[in-house]
Structure formats: C-alpha cells, structure tokens
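Below is one structure, written out as structure tokens, with a few remarks after it.
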Amino acid sequence: MAEVVREVVRVACPHDCPDTCAMLVTVEDGVATEIRGDPAMPFTEGTLCTKVAHYLERTYAPDRLLYPQKRIGKKGEGKFRRIGWDEALDEIAARLKAAAAENPQTILPCSYAGTMGMVQYTSMDRRFFHKLGASLLDRTLCSSAGKFGLKATLGGSVGMDPERFDEARLIILWGANPVVSNLHLWSRVQAAKRRGAKVIAIDPYRSLSAEKCSQHIALLPGTDGALALGMMHVLIAEDLIDHDYIERYTLGYEALRKRALQEYSPAWAARVCGISTDDVVQLAREYGTTKPAAIRLNYGMQRHAGGGIAARTIACLPALTGAWRDTAGGIVLTTADFYGFDHAALERPDLLAGRRPRVINHSRLGEALTSAEPPVRMTIVYNNNPVAVCPDSGKVLAGFSREDLFTVVMDHFQTDTADYADILLPATTQLEHYDVHKSYGHLYMLANNPAIAPVGESLPNSEVFRRLAARMGFDEPCFRDSDEDLCRTALKGVSWDRLKEAGWQKLDVPERFAPFAQGGFPTPSGKCEFYSASLEKQGIDPLPFYNPPAEINKDEETYPLAFLSPPARNFLNSSFANMVRFRELEREPHLDMHPRDAAERGIADGDMVRVFNDRGSHRLRARVNGKPRPGVVVAPSVWWKKYSPDRGNANNLTSQRTADLGGGATFYDCRVQVERA
C-alpha cells in the first residue's frame with residue numbers, strides 16, 4: 001500500500017475581518033483534510049472563528065462552481081449551460097473590445113472585499129481596468145466615512161496596538177461587537193476585565209458583546225458624535241485633560257475648548273443621544289481618570305450621513321486625555337496604514353496614461369446601473385455579491401435585470417448576483433492560490449500559500465485578468481507578472497520568500513508600541529489635529545461639531561422606527577450565508593424588537609412581520625427580546641435573497657445616500673415602519 005503524502009501548508013484567512021488569522025492546512029495526497037489556527041501566531045493564537053473553522057466544507061462544497069457557464073434562461077432565473085474557458089474568455093474579450101471602442105467608461109469593475117489579499121483583491125484586475133480606461137469604482141460600502149474621519153484627526157488609518165488591549169483598565173467598545181466580528185480582540189477584552197478593567201459598550205443594540213460588558217450605554221443611532229462632544233465638555237470643564245500632551249502634540253485646542261464649553265453641554269448631549277446626563281458625565285469622568293484607557297471604534301457608528309465627522313470627533317478624545325502615552329491607551333478603528341504596502345506598483349494607475357475616467361460610488365450602484373450617463377453596458381463582478389449587499393437593492397436588481405447590460409460574475413458559488421450573470425466563472429478559494437495580506441486589526445503581515453490544486457476548472461482572479469489582457473492585446477510586461485511576482489511587488493523592503501515560509505511576520509515596530517506617545521502623527525502638522533485645515537479646504541467646519549444622521553432620528557410619523565442591519569454572528573457580510581450549517585444556526589431572517597414597540601403594533605414574539613419604507617419591504621420573524629433600545633429595530637444580516645422567505649433582505653430598505661466624508665455607505669441611516677404580516 002502506497003504511503004500517504006502528508007504536508008502542512010501555511011495560509012491566511014482571506015475574509016473581511018480585522019483578525020486576519022494565520023492558519024495551518026493539513027494536506028494528504030493532495031486533499032485538504034484539516035484546517036486550524038497557527039498557535040505560534042501571537043495575535044490569533046491558534047483560534048479560528050466558527051465560520052472559518054469549517055472552511056474545508058466551503059472549499060469542497062457540493063454546490064461550488066467548478067467550470068465556466070453561459071446563461072440560457074432569463075436574467076435572475078439562474079439557468080446556465082457549461083462552456084469551456086476559451087469560449088468564455090473569447091466572448092468576454094469581444095464584448096470588452098466592442099464596449100471600449102464605443103466608450104471604455106461604459107465598462108465597470110464591480111469588486112469588493114470577498115477576499116482581502118493584495119493579489120486577488122487589488123493587483124492584476126486594477127492594472128487591467130486602468131489599461132482599458134474603464135470607469136473607476138469607489139469601494140465605499142464598509143469603512144470609508146470612518147477612515148476619512150480618522151485621517152482628518154490622526155492623519156490616516158492608524159491607531160493603538162490591538163494586541164495590548166488586555167493591559168487596559170478602561171475599554172470602550174464604541175459601535176463594536178467583537179464577539180461577532182473581532183474574536184481575538186474580544187479575548188483580550190475579557191482578559192482585561194478579569195484583571196479588573198471596566199468595559200463599556202456604546203451601542204443602540206444590546207449585542208452579544210454588550211451583554212457581557214460592565215456597562216451598556218444604549219444611545220440613539222447616529223448620535224455618537226454628540227456623546228463625544230458632551231464628554232469633551234466634561235473633560236475640559238473638570239480639568240481631566242493632559243495639558244502637557246495637548247500643548248506639545250495637538251493643534252487647535254483653544255478653539256475646541258471654547259466650542260465644547262459654549263455649545264456642547266452634557267445635558268445637550270444627553271437630549272440628543274436619548275440617554276441621561278449622568279451617563280454622559282460618568283463616562284467622561286471615567287475616561288478622564290482611568291489609565292490606560294482604550295477605545296475600540298468600529299464601523300457600525302459611521303454608517304450614517306454624519307458618520308465621518310462622528311469618527312473624527314471621537315478620535316480627538318485620546319489626545320485630550322493623553323491616553324496615547326500608554327501602550328494600552330488610545331483608539332483604533334483600523335491599523336491598515338501602518339503597513340506601507342506598495343499599492344501604486346500593484347495597481348499601476350500610470351496605465352491610465354493621463355485619462356481620467358469617471359468614478360462610480362459603490363454605495364450608489366443601483367443608481368449607476370439604472371441612470372448613469374453614459375450607461376454602464378458591461379460589468380465584471382468579483383469578490384462581491386452586490387445584489388445581496390448593496391443598499392437600495394430594488395434599484396440594484398433593476399440594473400442587473402437590464403437585457404442590455406452584459407454581466408460577468410466570478411465566484412465560488414451561484415450567489416444572488418450570479419443568477420443575473422451572462423457568463424459565470426469559477427474562482428479559486430484561499431486554499432488554491434498565492435496571496436499576501438495585511439490586517440486592519442493587528443500589526444502582522446501574512447503569506448498565503450496554495451495548499452491544494454484548484455478544484456474543478458477554477459482559476460484565481462489574477463489569472464483570469466492575465467488571460468483577458470492577452471486577448472485584448474495588452475503587451476506591457478506587468479500583465480505577465482506571476483502571483484508570486486505580485487506578492488513581491490506589494491512588500492516593500494520585506495522578503496516574500498521568508499514570509500511565505502514563516503507564514504506571518506510582525507511589522508518593524510517596538511515590542512511595546514505606543515505610536516503617538518510623543519506625537520508624530522501622520523497629519524500635515526505632525527500633530528493630532530483638533531483643527532483640520534484639510535477639512536476647511538473642503539468647505540467643512542475644521543473643528544469637531546455634531547453632524548446628525550439624515551434619516552434615522554427625524555420625528556416622522558410615517559416611518560417612526562430606526563432600522564439597523566448589523567452582521568449576523570454566523571455570516572460574514574454575505575459570505576457563508578449559503579452554507580446549510582450556518583443558515584441552520586441563524587435559523588431564519590428575524591427582526592429584534594423592544595417590547596414597547598412590539599406592543600404598540602400588536603406584535604408578539606414569533607409573529608411574521610413586514611418591515612417597510614418608500615424603498616421597499618421585507619418579511620421576517622419578530623423576536624421581541626428587548627435587545628434594541630425603544631424606537632430601534634434590528635435585522636441581523638446579510639441573508640442571500642434566495643434563502644429568504646420573500647426573496648428579499650435588509651437592503652430592500654436601506655438608502656443609497658452617502659456619508660459626509662469619503663462617500664461612505666449609510667446602511668444604518670434608515671427609518672421604517674413594522675406591521676404584522
């Protein structure tokens with residue numbers, strides 16, 4: 001009997017999660033038989049979330065796409081016939097050539113963060129579309145508003161080292177639910193709590209994390225900036241600030257002091273936020289007197305019309321109190337800008353050759369597909385399921401239903417979006433290609449090695465665009481770069497060969513990394529900018545101010561409830577929502593309600609309800625559990641429409657309105673009414 005060939009391969013989790021886990025895959029005779037976390041990786045420490053612990057089921061799923069297919073039914077029916085790669089790519093190239101000859105801006109790449117690897121997310125594809133002169137996609141669905149807000153205050157997507165949260169004495173989880181979406185930070189929060197730290201959740205919803213915190217402040221959605229301004233008033237009025245840090249390392253304090261004291265009293269903040277004045281004062285006092293104090297800011301609080309300024313305002317707090325002096329102090333939304341990966345070399349914007357194509361905001365995809373001029377005639381969708389995840393999905397569906405829109409979808413499964421494809425292409429999973437990763441939730445870079453051969457006829461995204469480039473006659477050498485060449489390109493000053501052998505490597509920072517203990521912010525002034533000249537140049541108030549949400553806190557009789565759609569525990573955006581294991585854990589689409597709101601509508605726990613507004617409606621099961629504060633309803637998301645009883649999901653209701661900074665999506669700036677179905 002032949003001896004089994006067994007090896008262990010180092011891979012990285014590709015999903016849109018701040019933890020970016022290092023993983024080990026056991027392969028026997030070419031088949032992956034086990035996946036586990038790498039116990040040697042200091043941040044993730046060998047633990048995987050429930051979803052990725054079952055990643056082999058995803059890789060070898062019976063419904064996985066295995067070969068190219070062509071549509072034979074109506075758009076949306078999901079009926080296809082098998083074709084070969086040559087036929088598929090020849091037709092795609094012919095369509096691209098025809099569209100480009102008319103106007104290349106009628107071609108739209110439609111990708112997002114289905115994988116976060118630099119190669120499969122943002123390399124050969126960007127080169128291809130730059131050379132073509134296609135419309136540019138502004139990928140704004142997740143974090144744009146918050147990132148732009150932090151850039152105005154701190155200078156970029158930078159913050160404290162998440163690995164040090166276990167040393168903090170006060171932890172504020174601000175719009176964050178790490179039990180669901182930041183598991184390895186949560187273990188550090190728990191460790192800090194066991195050592196006596198106080199943990200405060202700020203969230204309109206009593207999430208799984210909020211349930212386990214020392215205190216939960218259930219403010220109204222979209223009022224986070226007002227709470228921060230009220231805290232500033234108390235910190236300054238009661239002299240709970242670090243005058244030395246402010247003088248040395250900040251810009252614009254006197255103007256901020258005057259505004260905070262004159263305009264933003266704790267009583268004002270309490271009225272706006274729907275909480276007590278005591279809550280505001282107590283939070284400020286604890287923040288001003290406890291050291292180290294850490295704030296985990298997350299993306300939920302910036303998904304409204306005022307979200308960018310709210311994030312910018314909250315980011316001022318650590319400089320006021322000097323929290324940056326401690327390794328376990330400060331704030332973190334994302335660590336992505338610490339990496340210094342060479343995005344220009346990866347994406348080659350120089351291939352535009354002076355052209356300036358239009359930019360289409362991903363958050364307004366429905367509008368772009370139904371009313372843009374010139375019209376979008378062709379789109380290639382990859383790392384993305386826009387029919388499920390984009391706001392105002394009725395318009396998104398209308399766009400993808402157009403017979404004159406030629407759509408290519410590259411994916412692992414026949415998603416809601418894939419049902420509207422003209423050509424459907426099978427993509428490799430993370431176990432089948434090379435990639436290199438940075439994280440937005442720790443300070444380690446990771447390599448991904450292919451553990452198995454591509455399943456079926458699947459190809460990496462990078463290889464598809466290489467083959468299309470050849471068919472289009474693009475002869476620049478960069479279109480012949482291999483995936484490993486692309487990994488080397490991303491890593492300025494770091495050895496790819498060493499990284500892929502080790503699997504992970506920490507950035508070159510001190511062991512006890514306090515990035516702004518002595519200033520050195522990556523702002524134009526080098527200081528934390530309470531006063532932002534860059535915002536002023538954009539016609540925006542240069543000082544922190546309260547910028548309210550556009551929809552969710554209006555006193556409207558027609559749609560009296562604020563509607564939130566945060567991540568379901570067992571899905572990751574729309575990833576994993578097709579897998580039976582995880583759908584069974586989630587049971588069915590449901591709406592969490594406060595008993596008061598349910599009673600006012602004659603709704604009992606377990607009733608089917610209809611949630612609706614002018615944009616659409618959605619039927620789901622009521623859970624009257626008191627997790628949302630009164631006036632707020634919550635639908636954990638994102639369900640694929642095809643697995644929902646009414647073939648809808650939460651994005652039937654959400655708006656294409658964009659935030660104040662960065663063009664960010666405003667999923668949580670949404671009003672609805674609810675009735676028994």
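Chain labels follow the order of the structure tokens: the first chain is A, the next B, and so on; residue numbering restarts at 1 in every chain, and ligands are counted from 1 in their shown order.
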Long-range neighbours of segment 666-668 of chain A as JSON, numbers by chain, 6 Å cut-off, only C-alpha atoms, 5 positions minimum in chain: {"A": [303, 304, 564, 654, 658]}
Store the residues picked out above in a file with C-alpha atoms, as a JSON list (two decimals), in the first residue's frame.
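Dumped everything to result_37.json:
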[["chain", "number", "residue", "atom", "x", "y", "z"],
["A", 303, "ARG", "CA", -22.67, 54.21, 8.65],
["A", 304, "HIS", "CA", -24.87, 57.28, 8.66],
["A", 564, "LEU", "CA", -30.21, 48.66, 11.78],
["A", 654, "THR", "CA", -31.52, 50.81, 3.00],
["A", 658, "THR", "CA", -23.74, 58.70, 1.20]]
For segment 414-479 of chain A versus segment 171-182 of chain A, which residues have an atom no more than 12 Å away, and what is each residue's nearest atom pair and distance in Å rounded to one decimal, using only C-alpha atoms, chain-then-number order, as a tab-separated table?
residue	atom	partner	partner_atom	distance
A:Ser439	CA	A:Asn182	CA	11.8
A:Tyr440	CA	A:Asn182	CA	10.7
A:Gly441	CA	A:Asn182	CA	8.1
A:His442	CA	A:Asn182	CA	10.6
Would you please work out which residue, of A:Ser617, A:Gln302, A:Thr489, A:Asn384, is nearest to Asp435 of chain A when using only C-alpha atoms?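 Counting only C-alpha atoms, the residue closest to Asp435 of chain A is A:Thr489.
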Lys291 of chain A surroundings by only C-alpha atoms, 9 Å radius, close-in-sequence under 4 positions cut, as a PyMOL selection string: chain A and resi 168-170+287+323+326+328-329
Please produce an output containing all heavy atoms for each residue in the selection, written as a compact mmCIF listing (two decimals), in the first residue's frame.
# COMPACT_ATOMS: atom_id res chain seq x y z
N ALA A 168 -5.35 47.26 29.35
CA ALA A 168 -6.12 48.47 29.63
C ALA A 168 -6.93 48.33 30.92
O ALA A 168 -7.34 47.23 31.30
CB ALA A 168 -7.04 48.79 28.46
N ARG A 169 -7.17 49.47 31.55
CA ARG A 169 -8.00 49.49 32.76
C ARG A 169 -9.43 49.95 32.45
O ARG A 169 -10.34 49.71 33.23
CB ARG A 169 -7.38 50.43 33.81
CG ARG A 169 -5.99 50.04 34.25
CD ARG A 169 -5.96 48.70 34.95
NE ARG A 169 -6.76 48.71 36.17
CZ ARG A 169 -7.09 47.61 36.85
NH1 ARG A 169 -6.74 46.43 36.41
NH2 ARG A 169 -7.81 47.71 37.96
N LEU A 170 -9.58 50.63 31.34
CA LEU A 170 -10.90 51.01 30.85
C LEU A 170 -10.93 50.74 29.35
O LEU A 170 -10.02 51.15 28.62
CB LEU A 170 -11.18 52.50 31.11
CG LEU A 170 -12.50 53.03 30.51
CD1 LEU A 170 -13.70 52.44 31.24
CD2 LEU A 170 -12.55 54.56 30.57
N TYR A 287 -13.39 58.11 31.76
CA TYR A 287 -12.40 58.16 30.68
C TYR A 287 -11.25 59.10 31.04
O TYR A 287 -10.09 58.83 30.72
CB TYR A 287 -13.05 58.61 29.37
CG TYR A 287 -12.10 58.56 28.21
CD1 TYR A 287 -11.64 57.35 27.70
CD2 TYR A 287 -11.61 59.73 27.63
CE1 TYR A 287 -10.74 57.29 26.65
CE2 TYR A 287 -10.71 59.68 26.58
CZ TYR A 287 -10.27 58.47 26.10
OH TYR A 287 -9.36 58.42 25.07
N ALA A 323 -4.15 59.80 26.51
CA ALA A 323 -4.22 58.33 26.52
C ALA A 323 -3.18 57.69 25.61
O ALA A 323 -2.78 56.54 25.82
CB ALA A 323 -5.62 57.87 26.11
N ASP A 326 0.23 55.72 26.75
CA ASP A 326 0.29 54.32 27.20
C ASP A 326 0.22 53.37 26.02
O ASP A 326 -0.52 53.60 25.06
CB ASP A 326 -0.87 54.02 28.15
CG ASP A 326 -0.87 54.92 29.37
OD1 ASP A 326 0.18 55.01 30.02
OD2 ASP A 326 -1.92 55.53 29.66
N ALA A 328 -1.25 50.64 26.08
CA ALA A 328 -2.62 50.10 26.10
C ALA A 328 -3.64 51.23 26.08
O ALA A 328 -4.79 51.04 26.49
CB ALA A 328 -2.82 49.22 27.33
N GLY A 329 -3.25 52.39 25.60
CA GLY A 329 -4.15 53.53 25.54
C GLY A 329 -4.26 54.07 24.12
O GLY A 329 -3.38 53.86 23.29
From segment 70-201 of chain A, collect each residue whose DSSP state is strand (DSSP E) and return the set as a ChimeraX atom specification. /A:70-71,80-82,107-111,136-138,170-174,198-201
Please produce an output containing N, CA and C atoms for each residue in the selection, written as a compact mmCIF listing (two decimals), in the first residue's frame.
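again_4.txt, written as the output of this step:
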# COMPACT_ATOMS: atom_id res chain seq x y z
N LYS A 70 -22.61 29.63 -19.25
CA LYS A 70 -23.25 30.71 -20.01
C LYS A 70 -24.74 30.69 -19.76
N ARG A 71 -25.32 31.87 -19.63
CA ARG A 71 -26.75 31.95 -19.33
C ARG A 71 -27.60 31.41 -20.46
N PHE A 80 -28.02 28.06 -16.55
CA PHE A 80 -26.78 28.15 -17.31
C PHE A 80 -26.46 26.82 -17.97
N ARG A 81 -25.58 26.90 -18.98
CA ARG A 81 -25.01 25.68 -19.57
C ARG A 81 -23.50 25.76 -19.49
N ARG A 82 -22.87 24.61 -19.40
CA ARG A 82 -21.41 24.56 -19.27
C ARG A 82 -20.74 24.93 -20.59
N ILE A 107 -17.74 50.44 -19.23
CA ILE A 107 -17.33 49.20 -18.56
C ILE A 107 -17.06 49.50 -17.09
N LEU A 108 -17.60 48.67 -16.21
CA LEU A 108 -17.46 48.91 -14.78
C LEU A 108 -16.95 47.67 -14.05
N PRO A 109 -15.77 47.75 -13.41
CA PRO A 109 -15.39 46.69 -12.48
C PRO A 109 -16.25 46.79 -11.23
N CYS A 110 -16.71 45.66 -10.71
CA CYS A 110 -17.59 45.68 -9.55
C CYS A 110 -17.08 44.66 -8.54
N SER A 111 -16.03 45.04 -7.82
CA SER A 111 -15.41 44.13 -6.86
C SER A 111 -15.41 44.75 -5.48
N LEU A 136 -13.91 53.92 -12.93
CA LEU A 136 -13.30 53.55 -11.66
C LEU A 136 -14.40 53.33 -10.63
N LEU A 137 -14.23 52.35 -9.77
CA LEU A 137 -15.19 52.09 -8.71
C LEU A 137 -14.63 52.58 -7.39
N ASP A 138 -15.37 53.46 -6.72
CA ASP A 138 -15.00 53.92 -5.38
C ASP A 138 -15.64 52.94 -4.39
N LEU A 170 -9.58 50.63 31.34
CA LEU A 170 -10.90 51.01 30.85
C LEU A 170 -10.93 50.74 29.35
N ILE A 171 -11.95 50.02 28.91
CA ILE A 171 -12.12 49.72 27.48
C ILE A 171 -13.51 50.18 27.07
N ILE A 172 -13.56 50.99 26.02
CA ILE A 172 -14.84 51.42 25.46
C ILE A 172 -15.00 50.76 24.09
N LEU A 173 -16.02 49.93 23.96
CA LEU A 173 -16.37 49.32 22.68
C LEU A 173 -17.43 50.20 22.04
N TRP A 174 -16.99 51.03 21.11
CA TRP A 174 -17.85 52.08 20.55
C TRP A 174 -18.35 51.64 19.18
N LYS A 198 -12.82 47.96 33.58
CA LYS A 198 -14.22 48.22 33.27
C LYS A 198 -14.37 48.26 31.75
N VAL A 199 -15.40 47.58 31.24
CA VAL A 199 -15.65 47.51 29.81
C VAL A 199 -17.04 48.10 29.54
N ILE A 200 -17.08 49.12 28.70
CA ILE A 200 -18.32 49.84 28.42
C ILE A 200 -18.65 49.69 26.94
N ALA A 201 -19.87 49.26 26.66
CA ALA A 201 -20.35 49.17 25.28
C ALA A 201 -21.22 50.38 24.99
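Neighbouring residues of Ala311 of chain A at 7 Å or closer, counting only C-alpha atoms and skipping chain neighbours under 6 positions away, are Gly146, Gly149, Leu150 and Gln302 of chain A.
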Name the residues of segment 226-436 of chain A that fall into alpha helix (DSSP H) according to DSSP on the backbone, using the chain letters and numbers of this document, as a PyMOL selection string. chain A and resi 226-237+243-249+253-263+266-273+277-289+307-314+317-321+343-347+365-371+386-389+393-400
Taking 4 positions as the minimum chain separation for residues in the same chain, which residues sit within 12 Å of Tyr339 of chain A when counting only C-alpha atoms? Answer as a list in words.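 Close residues of Tyr339 of chain A: Gly156, Ser157, Val158, Thr334, Thr335, His343, Val436, His437, Lys438, Ser439, Tyr440, Gly441, His442, Leu443, Tyr444, Met445, Leu446, Ala490, Leu491, Lys492, Gly493, Val494, Gln505, Lys506, Leu507, Asp508 and Val509 of chain A.
Of the listed residues (A:Asn449, A:Thr290, A:Asn383, A:Thr277), A:Asn383 comes nearest to Arg139 of chain A; the distances count only C-alpha atoms.
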With only C-alpha atoms as the counted atoms, please give the residues lying no more than 12 Å from Pro477 of chain A, apart from itself and same-chain residues fewer than 3 positions off, as JSON, numbers by chain. {"A": [124, 127, 348, 351, 466, 469, 470, 473, 474, 480, 481, 482, 485]}
Got a sec: who's within 8 Å of Asn570 of chain A, counting only C-alpha atoms, leaving out chain neighbours fewer than 6 positions off, as a VMD selection string? chain A and resid 50 to 51 576 to 577 582 to 583 585 to 586
Selection above as a file: C-alpha atoms, as an mmCIF file, in the first residue's frame:
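Result saved to part.cif:
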data_model
loop_
_atom_site.group_PDB
_atom_site.id
_atom_site.type_symbol
_atom_site.label_atom_id
_atom_site.label_comp_id
_atom_site.auth_asym_id
_atom_site.auth_seq_id
_atom_site.Cartn_x
_atom_site.Cartn_y
_atom_site.Cartn_z
ATOM 1 C CA THR A 50 -16.701 29.050 13.919
ATOM 2 C CA LYS A 51 -17.121 30.048 10.287
ATOM 3 C CA PHE A 576 -21.117 31.704 4.451
ATOM 4 C CA ALA A 577 -24.832 32.547 4.145
ATOM 5 C CA PHE A 582 -24.647 28.437 9.247
ATOM 6 C CA ARG A 583 -28.157 29.071 7.968
ATOM 7 C CA LEU A 585 -27.568 28.285 13.268
ATOM 8 C CA GLU A 586 -29.179 31.581 12.260
#
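Using only C-alpha atoms for every distance, the candidate list A:Ser135, A:Thr153, A:Thr44, A:Thr122 yields A:Thr153 as the residue closest to Glu529 of chain A.
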Please measure the separation of atom CA of Arg95 of chain A and atom CA of Ile72 of chain A, giving the value in Å to one decimal. 17.7 Å
Of A:Asp166, A:Glu263, A:Glu584, A:Asp203, the one sitting nearest Ala293 of chain A when using only C-alpha atoms is A:Asp166
What separation in Å, quoted to one decimal, exists between atom CA of Trp640 of chain A and atom CA of Pro549 of chain A?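 Separation between atom CA of Trp640 of chain A and atom CA of Pro549 of chain A: 27.6 Å.
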Tell me, in Å to one decimal, how far atom CA of Arg569 of chain A is from atom CA of Leu208 of chain A. 9.1 Å
